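K.L.:
Dropping a structure here in structure tokens format, bear with me for questions.
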Amino acid sequence: MTRPFPYLLLPHVLASRNRARRRERGDAARAVLFGGVALAVCAALYEGAFWLTAELDAYAELGDYLLRIGLSWLFLTFLSFLAFSGVVTALSSFFLSEDLRLLLVAPVATRRLFQARFARTLVQASWMVAAFVVPVLVGVGRARCAGPGYYATAILTIVPFAVIPVAAGSAVTLLLVNTFPARRARDLLMLMGLLFAASLVVVLRMIRPEQLLRVESLPDVTSFFATLQSPVTPLLPSFWAGETLFASLRGGRDLIHTGALWSTALASMALLGAAGERWYFAGFSRSQEAPKARFTQFRAIDAVVRWLPFSSVRRQLLVKDLKIFLRDVSQWSQLLLLFALVLLYLYNFRVLDLQRIPYMSVLVKNVYAFVNLGLAGFVMATVTVRFVFPAVSAEGAAFWIIRASPVPLREFLWSKFWTGLVPVALLTEVLTIAANHFLGVDPFMKVAAALAILCMSFALVGLAAGLGARYPRFGADPSQVAGSYGGVAFMVQAVLLVLVMIVLVGWPSSIYLFRQARGLPLTSMQLLLAAGCCVAGVALSLVVWLGSMRSGIAALERMSD
Amino acid sequence: MIAIHDLVKRYGQFTAVDGVSLDVQPGEIHGFLGPNGAGKTTTLRMIAGLLKPTSGRVTVNGHDLAQAPEQAKASLGFIPDRPFIYEKLTAGEFLRFHGGLYGMDGVGLGERVREMLDLFELGRWEHELVESFSHGMKQRVVMCAAFLHRPRAVVVDEPMVGLDPRGARLIKGVFRRMSERGVALLMSTHTLEVAQEMCDRISIILKGRIIARGTVPEIRALGDRHDDHLTSVFLKLTDGSGLQEIDEIV
């Protein structure tokens with residue numbers, strides 16, 4: 001075959017075009033929601049970069065110095081992200097993609113296939129960085145009134161800057177796949193990446209950067225900036241990109257660093273191409289050999305579930321769901337990140353210094369209890385949309401087994417509900433009770449919040465299971481399912497429910513606390529209204545829970561129409 | 001036994017299955033033949049309870065599928081054309097799970113699982129993940145599942161796809177043994193030699209309607225010559241010969 005390598009990208013281009021042309025229910029709502037969020041993020045990045053650059057402008061040389069370091073650090077952050085993203089993306093596009101068997105049996109030179117796959121990896125691994133960096137650089141340029149030369153330099157900088165780490169990441173993948181089986185390498189990478197992200201988040205928080213904002217810690221700020229300069233930094237492409245852009249911001253040119261960027265990018269592509277020609281097919285062949293998979297039997301699950309007071313069918317469904325979940329690294333590894341975020345959440349309440357405002361600390365503590373209730377509600381909605389909403393879709397192409405079996409679809413969906421409810425309710429109850437304990441809120445608030453969270457757990461897990469059954473995406477992976485029309489619809493309804501529940505709990509609680517602070521008893525009317533709010537909260541949860549489950553079961557039964 | 005009466009399935013204006021009736025008696029292997037898109041899989045999926053008929057009635061071992069779906073399904077085994085199963089379960093775990101869905105539990109289930117795995121020559125793969133299996137092995141796991149709960153009727157969609165000759169011989173042997181024990185088998189296939197070799201009766205479906213039914217000799221008698229092979233008769237009945245055109249093109 002003599003066609004150039006971009007021809008091999010044609011199926012992806014055509015598939016993207018067809019996806020864009022296809023119209024599905026909820027497209028407009030999704031476009032408005034996601035487009036709105038994307039625009040808001042871009043606007044915030046632009047405004048933030050513009051404001052910061054304008055503020056730094058007031059500090060003359062120190063401002064220039066900080067801007068220069070800032071650009072270098074911005075690119076350093078993206079450099080590490082691109083390298084990691086390059087490794088993961090290369091693994092799927094070079095070795096795990098379904099269409100590779102079709103292409104490798106075709107008379108296509110390995111070099112051309114490798115080039116096409118690298119182009120695809122580059123785009124997939126770097127589009128997000130480009131989407132983030134463009135509004136930031138435009139904001140910086142506008143604040144410094146930069147000319148067109150700056151924007152042209154920005155484009156000429158971003159391209160080689162993205163090529164270098166993605167090429168390095170692809171080379172690491174090539175090495176890994178020639179050492180481990182491809183699927184095992186993917187699991188390892190995913191786990192390492194998430195462990196890295198989780199520990200980074202925790203460590204960054206433990207440093208307590210808010211302390212730098214205190215007047216008494218100003219000397220620390222100076223030493224903080226001093227540590228930003230490291231002897232390794234000038235050898236990294238992030239430094240070259242920062243220097244190139246900083247020079248063009250001042251109307252000049254930094255040909256040395258531009259040259260370093262382009263020559264390194266071209267050299268890394270040439271080296272990767274040579275390595276690919278030598279080792280790509282060997283690696284692909286190895287990835288097909290599929291040595292005996294090692295996995296955990298999880299016999300403890302069988303032993304524990306055997307003692308649960310469930311029917312045989314429900315026990316089997318539970319064992320199946322748990323084992324599949326725990327054996328899929330891409331599923332459970334996200335729990336690590338979640339666990340890190342939960343730790344941070346509790347840690348923030350632990351270190352909250354409310355004693356600085358002693359005369360208001362009691363009031364502030366109880367206000368924070370409502371904030372905590374809302375946050376726990378939103379955490380619950382996020383966890384639920386990611387883990388409970390895709391539960392029906394997760395059956396995938398194997399759903400025929402359930403449908404052809406004598407198990408009522410009602411029992412199937414209720415099994416999904418209980419499997420989701422227990423961990424979600426436990427997680428959010430622990431979050432709420434522990435955070436309220438650290439805050440030292442009124443015991444009445446502790447009980448009210450715990451009960452409200454319990455009601456919300458039933459309602460949100462029921463809503464997720466029901467909507468997940470109404471809008472299943474059997475072919476998609478769980479994260480895609482969570483971002484589908486049904487997932488968005490769930491999030492909108494979940495947020496509304498959480499807000500209504502906060503109002504229903506918050507209003508009578510605030511009256512109670514206000515009266516208690518003044519030593520006054522509640523009037524009979526206030527007691528009646530408080531009871532009404534409680535009943536309304538419980539009734540709302542019940543209606544959402546049972547109504548959603550019923551509509552989900554009906555939708556599953558309609559599938560055979 | 002399996003009995004369907006005047007089964008219709010419409011998708012909007014398109015009628016995929018148009019008034020199909022047939023019955024499969026205990027111990028009978030009934031072949032269900034037809035060209036691609038004739039309505040075979042749609043019919044079988046309606047019998048398995050995966051699709052709801054627009055009209056008509058399906059009865060499995062005396063249980064009306066619409067009135068008592070759970071009883072009907074409990075006595076039926078279904079083998080789909082594509083063996084999609086849970087990739088992250090081992091063969092043994094999948095079968096125990098499947099047995100649980102059909103109300104099987106306890107020590108007996110474990111023994112039955114091993115018995116079925118041995119029958120389909122998968123005994124040494126019991127503790128391996130399904131994701132590492134070949135297509136043929138997955139197909140055999142699905143068959144283990146279909147026969148696990150000792151169904152009185154089995155619906156099979158394209159049983160020989162992806163099986164090697166040894167696997168195909170094994171499956172034929174199992175089907176014969178099941179039919180000897182009184183299991184009613186309804187089997188769709190494109191492999192006419194298999195139908196000729198195994199089936200007691202054959203129904204041929206075209207454009208959603210049954211166009212011929214009978215024993216293999218009766219169907220063969222529908223050909224131009226009495227000694228016609230089943231393939232020639234099938235092509236004649238389904239207007240699918242086209243051999244002359246192929247010759248001209250090639």
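Letters A, B, ... go to the chains of the structure tokens in the order shown; residues in each chain start at 1; ligands are counted from 1 in the same order.
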Please find the residues of chain A near chain B - the criterion being any atom within 8 Å, counting only C-alpha atoms - and write them as a PDB file with N, CA and C atoms, in the first residue's frame.
P.N.:
```
ATOM      1  N   ALA A 290      -1.552 -13.328  25.331  1.00  0.00           N
ATOM      2  CA  ALA A 290      -2.452 -13.512  26.492  1.00  0.00           C
ATOM      3  C   ALA A 290      -2.028 -14.649  27.412  1.00  0.00           C
ATOM      4  N   LYS A 292      -1.573 -16.786  30.823  1.00  0.00           N
ATOM      5  CA  LYS A 292      -2.625 -17.119  31.791  1.00  0.00           C
ATOM      6  C   LYS A 292      -2.874 -15.951  32.757  1.00  0.00           C
ATOM      7  N   ALA A 293      -4.122 -15.532  32.813  1.00  0.00           N
ATOM      8  CA  ALA A 293      -4.445 -14.371  33.651  1.00  0.00           C
ATOM      9  C   ALA A 293      -4.356 -14.735  35.132  1.00  0.00           C
ATOM     10  N   SER A 312     -31.643 -17.050  47.060  1.00  0.00           N
ATOM     11  CA  SER A 312     -30.504 -17.596  46.310  1.00  0.00           C
ATOM     12  C   SER A 312     -30.179 -16.696  45.120  1.00  0.00           C
ATOM     13  N   VAL A 313     -31.231 -16.246  44.434  1.00  0.00           N
ATOM     14  CA  VAL A 313     -31.026 -15.410  43.241  1.00  0.00           C
ATOM     15  C   VAL A 313     -30.313 -14.120  43.613  1.00  0.00           C
ATOM     16  N   GLN A 316     -26.680 -14.675  44.411  1.00  0.00           N
ATOM     17  CA  GLN A 316     -25.858 -14.892  43.214  1.00  0.00           C
ATOM     18  C   GLN A 316     -25.620 -13.585  42.466  1.00  0.00           C
ATOM     19  N   LEU A 317     -26.653 -12.750  42.372  1.00  0.00           N
ATOM     20  CA  LEU A 317     -26.494 -11.466  41.686  1.00  0.00           C
ATOM     21  C   LEU A 317     -25.472 -10.598  42.421  1.00  0.00           C
ATOM     22  N   LYS A 320     -21.898 -11.974  41.907  1.00  0.00           N
ATOM     23  CA  LYS A 320     -21.472 -11.662  40.535  1.00  0.00           C
ATOM     24  C   LYS A 320     -21.066 -10.189  40.421  1.00  0.00           C
ATOM     25  N   LYS A 323     -17.740  -9.415  42.410  1.00  0.00           N
ATOM     26  CA  LYS A 323     -16.517  -9.983  41.821  1.00  0.00           C
ATOM     27  C   LYS A 323     -16.142  -9.244  40.529  1.00  0.00           C
ATOM     28  N   ILE A 324     -17.138  -8.966  39.708  1.00  0.00           N
ATOM     29  CA  ILE A 324     -16.844  -8.262  38.444  1.00  0.00           C
ATOM     30  C   ILE A 324     -16.284  -6.877  38.758  1.00  0.00           C
ATOM     31  N   ARG A 327     -12.650  -7.131  40.106  1.00  0.00           N
ATOM     32  CA  ARG A 327     -11.644  -7.627  39.158  1.00  0.00           C
ATOM     33  C   ARG A 327     -11.366  -6.634  38.036  1.00  0.00           C
ATOM     34  N   ASP A 328     -12.180  -5.608  37.924  1.00  0.00           N
ATOM     35  CA  ASP A 328     -11.977  -4.616  36.878  1.00  0.00           C
ATOM     36  C   ASP A 328     -11.223  -3.430  37.482  1.00  0.00           C
ATOM     37  N   GLU A 395     -24.147  -4.567  32.686  1.00  0.00           N
ATOM     38  CA  GLU A 395     -24.435  -5.939  32.259  1.00  0.00           C
ATOM     39  C   GLU A 395     -23.976  -6.144  30.820  1.00  0.00           C
ATOM     40  N   ALA A 397     -23.340  -6.692  26.934  1.00  0.00           N
ATOM     41  CA  ALA A 397     -23.909  -7.655  25.985  1.00  0.00           C
ATOM     42  C   ALA A 397     -24.357  -8.938  26.675  1.00  0.00           C
ATOM     43  N   ALA A 398     -24.000  -9.097  27.950  1.00  0.00           N
ATOM     44  CA  ALA A 398     -24.387 -10.319  28.670  1.00  0.00           C
ATOM     45  C   ALA A 398     -25.763 -10.184  29.336  1.00  0.00           C
ATOM     46  N   TRP A 400     -28.546 -10.590  28.151  1.00  0.00           N
ATOM     47  CA  TRP A 400     -29.485 -11.637  27.709  1.00  0.00           C
ATOM     48  C   TRP A 400     -29.595 -12.744  28.763  1.00  0.00           C
ATOM     49  N   ILE A 401     -28.525 -12.945  29.543  1.00  0.00           N
ATOM     50  CA  ILE A 401     -28.534 -14.033  30.536  1.00  0.00           C
ATOM     51  C   ILE A 401     -29.625 -13.770  31.580  1.00  0.00           C
ATOM     52  N   ILE A 402     -29.699 -12.525  32.031  1.00  0.00           N
ATOM     53  CA  ILE A 402     -30.722 -12.165  33.022  1.00  0.00           C
ATOM     54  C   ILE A 402     -32.103 -12.229  32.381  1.00  0.00           C
ATOM     55  N   ARG A 403     -32.203 -11.664  31.157  1.00  0.00           N
ATOM     56  CA  ARG A 403     -33.530 -11.575  30.527  1.00  0.00           C
ATOM     57  C   ARG A 403     -34.085 -12.939  30.147  1.00  0.00           C
ATOM     58  N   ALA A 404     -33.189 -13.868  29.810  1.00  0.00           N
ATOM     59  CA  ALA A 404     -33.676 -15.195  29.424  1.00  0.00           C
ATOM     60  C   ALA A 404     -33.893 -16.094  30.639  1.00  0.00           C
ATOM     61  N   SER A 405     -33.454 -15.645  31.814  1.00  0.00           N
ATOM     62  CA  SER A 405     -33.583 -16.477  33.015  1.00  0.00           C
ATOM     63  C   SER A 405     -34.934 -16.222  33.696  1.00  0.00           C
ATOM     64  N   PRO A 406     -35.339 -17.130  34.573  1.00  0.00           N
ATOM     65  CA  PRO A 406     -36.649 -16.938  35.217  1.00  0.00           C
ATOM     66  C   PRO A 406     -36.603 -15.944  36.373  1.00  0.00           C
ATOM     67  N   VAL A 407     -35.690 -14.993  36.310  1.00  0.00           N
ATOM     68  CA  VAL A 407     -35.590 -13.988  37.378  1.00  0.00           C
ATOM     69  C   VAL A 407     -36.416 -12.776  36.965  1.00  0.00           C
ATOM     70  N   PRO A 408     -37.388 -12.359  37.791  1.00  0.00           N
ATOM     71  CA  PRO A 408     -38.159 -11.175  37.427  1.00  0.00           C
ATOM     72  C   PRO A 408     -37.232  -9.962  37.358  1.00  0.00           C
ATOM     73  N   MET A 559     -38.246  -3.368  27.392  1.00  0.00           N
ATOM     74  CA  MET A 559     -37.134  -3.649  26.481  1.00  0.00           C
ATOM     75  C   MET A 559     -37.439  -4.771  25.513  1.00  0.00           C
ATOM     76  N   SER A 560     -38.323  -5.681  25.914  1.00  0.00           N
ATOM     77  CA  SER A 560     -38.617  -6.807  25.030  1.00  0.00           C
ATOM     78  C   SER A 560     -39.700  -6.459  24.006  1.00  0.00           C
ATOM     79  N   ASP A 561     -40.167  -5.210  23.983  1.00  0.00           N
ATOM     80  CA  ASP A 561     -41.203  -4.823  23.009  1.00  0.00           C
ATOM     81  C   ASP A 561     -40.609  -4.739  21.598  1.00  0.00           C
TER      82      ASP A 561
END
```
K.L.:
Could you give me the residues within region 16-249 of chain B that DSSP places in alpha helix (DSSP H), as number ranges by chain?
P.N.:
B: 40-47, 69-74, 91-101, 107-119, 135-148, 165-180, 192-198, 216-220, 230-237, 243-249
K.L.:
One decimal, Å: what's the distance from CA of Met380 (chain A) over to CA of Ile511 (chain A), could you say?
P.N.:
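Result for CA of Met380 (chain A) versus CA of Ile511 (chain A): 26.8 Å, one decimal.
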K.L.:
What are the closest atom pairs, with distances in Å to one decimal, for each residue of region 164-223 of chain B lying within 7 Å of region 26-31 of chain B, using only C-alpha atoms, rows by chain and rising residue number, as JSON lines?
P.N.:
```
{"residue": "B:Ser179", "atom": "CA", "partner": "B:Gly27", "partner_atom": "CA", "distance": 4.2}
{"residue": "B:Glu180", "atom": "CA", "partner": "B:Gly27", "partner_atom": "CA", "distance": 5.7}
{"residue": "B:Arg181", "atom": "CA", "partner": "B:Gly27", "partner_atom": "CA", "distance": 6.6}
{"residue": "B:Gly182", "atom": "CA", "partner": "B:Gly27", "partner_atom": "CA", "distance": 3.8}
{"residue": "B:Val183", "atom": "CA", "partner": "B:Gly27", "partner_atom": "CA", "distance": 4.9}
{"residue": "B:Ala184", "atom": "CA", "partner": "B:Pro26", "partner_atom": "CA", "distance": 4.5}
{"residue": "B:Leu185", "atom": "CA", "partner": "B:Ile29", "partner_atom": "CA", "distance": 4.7}
{"residue": "B:Leu186", "atom": "CA", "partner": "B:His30", "partner_atom": "CA", "distance": 4.8}
{"residue": "B:Met187", "atom": "CA", "partner": "B:Gly31", "partner_atom": "CA", "distance": 5.0}
{"residue": "B:Ser188", "atom": "CA", "partner": "B:Gly31", "partner_atom": "CA", "distance": 5.8}
{"residue": "B:Ala195", "atom": "CA", "partner": "B:Gly31", "partner_atom": "CA", "distance": 5.9}
{"residue": "B:Cys199", "atom": "CA", "partner": "B:Ile29", "partner_atom": "CA", "distance": 4.9}
{"residue": "B:Asp200", "atom": "CA", "partner": "B:Ile29", "partner_atom": "CA", "distance": 5.4}
{"residue": "B:Arg201", "atom": "CA", "partner": "B:His30", "partner_atom": "CA", "distance": 5.0}
{"residue": "B:Ile202", "atom": "CA", "partner": "B:Gly31", "partner_atom": "CA", "distance": 4.4}
{"residue": "B:Ser203", "atom": "CA", "partner": "B:Gly31", "partner_atom": "CA", "distance": 6.2}
```
K.L.:
Apply DSSP to the backbone of this structure and, from region 90-188 of chain B, keep only the residues in strand (DSSP E); write these as a ChimeraX atom specification.
P.N.:
/B:153-157,184-188
K.L.:
Taking only C-alpha atoms into account, which of B:Met137, B:Leu148, B:Ile219, B:Ala3 comes nearest Glu111 (chain B)?
P.N.:
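Residue with the minimum atom-to-atom distance to Glu111 (chain B): B:Leu148.
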K.L.:
Fewer than 3 positions away in the same chain doesn't count, so skip those; otherwise give me all residues within 8 Å of Ala465 (chain A), counting only C-alpha atoms, as a PDB file with N, CA and C atoms, in the first residue's frame.
P.N.:
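The file below, selection_14.pdb, is the result:
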```pdb
ATOM      1  N   VAL A 388     -23.597   3.747  40.651  1.00  0.00           N
ATOM      2  CA  VAL A 388     -24.924   3.087  40.678  1.00  0.00           C
ATOM      3  C   VAL A 388     -25.655   3.285  39.351  1.00  0.00           C
ATOM      4  N   PHE A 389     -25.593   4.501  38.803  1.00  0.00           N
ATOM      5  CA  PHE A 389     -26.304   4.767  37.550  1.00  0.00           C
ATOM      6  C   PHE A 389     -25.890   3.790  36.430  1.00  0.00           C
ATOM      7  N   ALA A 391     -25.056   0.750  36.658  1.00  0.00           N
ATOM      8  CA  ALA A 391     -25.130  -0.650  37.092  1.00  0.00           C
ATOM      9  C   ALA A 391     -25.866  -1.535  36.086  1.00  0.00           C
ATOM     10  N   VAL A 392     -26.971  -1.039  35.523  1.00  0.00           N
ATOM     11  CA  VAL A 392     -27.709  -1.850  34.541  1.00  0.00           C
ATOM     12  C   VAL A 392     -26.902  -1.928  33.240  1.00  0.00           C
ATOM     13  N   LEU A 413     -33.465  -5.434  39.380  1.00  0.00           N
ATOM     14  CA  LEU A 413     -33.211  -4.008  39.646  1.00  0.00           C
ATOM     15  C   LEU A 413     -33.119  -3.744  41.154  1.00  0.00           C
ATOM     16  N   LYS A 416     -29.709  -4.510  42.261  1.00  0.00           N
ATOM     17  CA  LYS A 416     -28.791  -3.414  41.925  1.00  0.00           C
ATOM     18  C   LYS A 416     -28.942  -2.281  42.950  1.00  0.00           C
ATOM     19  N   PHE A 417     -30.187  -2.032  43.355  1.00  0.00           N
ATOM     20  CA  PHE A 417     -30.437  -0.949  44.310  1.00  0.00           C
ATOM     21  C   PHE A 417     -29.736  -1.220  45.650  1.00  0.00           C
ATOM     22  N   VAL A 461     -30.050   6.794  45.398  1.00  0.00           N
ATOM     23  CA  VAL A 461     -29.675   5.479  44.850  1.00  0.00           C
ATOM     24  C   VAL A 461     -30.862   4.919  44.044  1.00  0.00           C
ATOM     25  N   GLY A 462     -32.084   5.110  44.539  1.00  0.00           N
ATOM     26  CA  GLY A 462     -33.271   4.675  43.793  1.00  0.00           C
ATOM     27  C   GLY A 462     -33.386   5.414  42.475  1.00  0.00           C
ATOM     28  N   GLY A 468     -30.957   4.701  35.461  1.00  0.00           N
ATOM     29  CA  GLY A 468     -29.973   3.847  34.785  1.00  0.00           C
ATOM     30  C   GLY A 468     -30.659   2.754  33.985  1.00  0.00           C
ATOM     31  N   ALA A 469     -31.797   2.265  34.504  1.00  0.00           N
ATOM     32  CA  ALA A 469     -32.562   1.238  33.774  1.00  0.00           C
ATOM     33  C   ALA A 469     -33.347   1.861  32.623  1.00  0.00           C
ATOM     34  N   SER A 548     -38.979   6.099  41.124  1.00  0.00           N
ATOM     35  CA  SER A 548     -37.883   5.842  40.172  1.00  0.00           C
ATOM     36  C   SER A 548     -37.701   4.348  39.949  1.00  0.00           C
ATOM     37  N   MET A 549     -37.759   3.586  41.030  1.00  0.00           N
ATOM     38  CA  MET A 549     -37.587   2.129  40.888  1.00  0.00           C
ATOM     39  C   MET A 549     -38.707   1.552  40.026  1.00  0.00           C
ATOM     40  N   GLY A 552     -38.126   2.427  36.474  1.00  0.00           N
ATOM     41  CA  GLY A 552     -36.977   1.659  35.966  1.00  0.00           C
ATOM     42  C   GLY A 552     -37.371   0.232  35.632  1.00  0.00           C
TER      43      GLY A 552
END
```
K.L.:
Calculate how many Å separate CA of Gly214 (chain B) from CA of Leu22 (chain B), rounding to one decimal.
P.N.:
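Taking CA of Gly214 (chain B) and CA of Leu22 (chain B), their separation equals 11.1 Å.
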K.L.:
When distances are computed from only C-alpha atoms, which of A:Ala38, A:Ala434, A:Val138, A:Val329 shows the smallest separation from Ala154 (chain A)?
P.N.:
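Distance minimum relative to Ala154 (chain A) lands on A:Val138.
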K.L.:
Ranking B:Leu95, B:Val156, B:Thr189, B:Asp81 by minimum distance to Gly136 (chain B) and counting only C-alpha atoms, which one comes first?
P.N.:
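Closest candidate: B:Asp81.
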K.L.:
For the interface of region 407-428 of chain A with region 371-378 of chain A (cut-off 12 Å, counting only C-alpha atoms), please tabulate each contacting residue of region 407-428 of chain A alongside its nearest pair of atoms and their separation in Å to one decimal, rows sorted by chain and increasing number, as a tab-separated table.
P.N.:
```
residue	atom	partner	partner_atom	distance
A:Val424	CA	A:Ala376	CA	10.6
A:Ala425	CA	A:Ala376	CA	10.5
A:Leu426	CA	A:Ala376	CA	11.6
A:Leu427	CA	A:Ala376	CA	9.2
A:Thr428	CA	A:Ala376	CA	6.0
```
K.L.:
Please report the interatomic distance between CA of Tyr65 (chain A) and CA of Leu249 (chain A) in Å with one decimal.
P.N.:
12.9 Å
K.L.:
So that I can see what lies close to Cys144 (chain B), please list as number ranges by chain the residues with an atom at most 10 Å from it, counting only C-alpha atoms and leaving out residues fewer than 5 positions away in the same chain.
P.N.:
B: 77, 79, 91, 95, 98, 112-120, 122, 138-139, 149
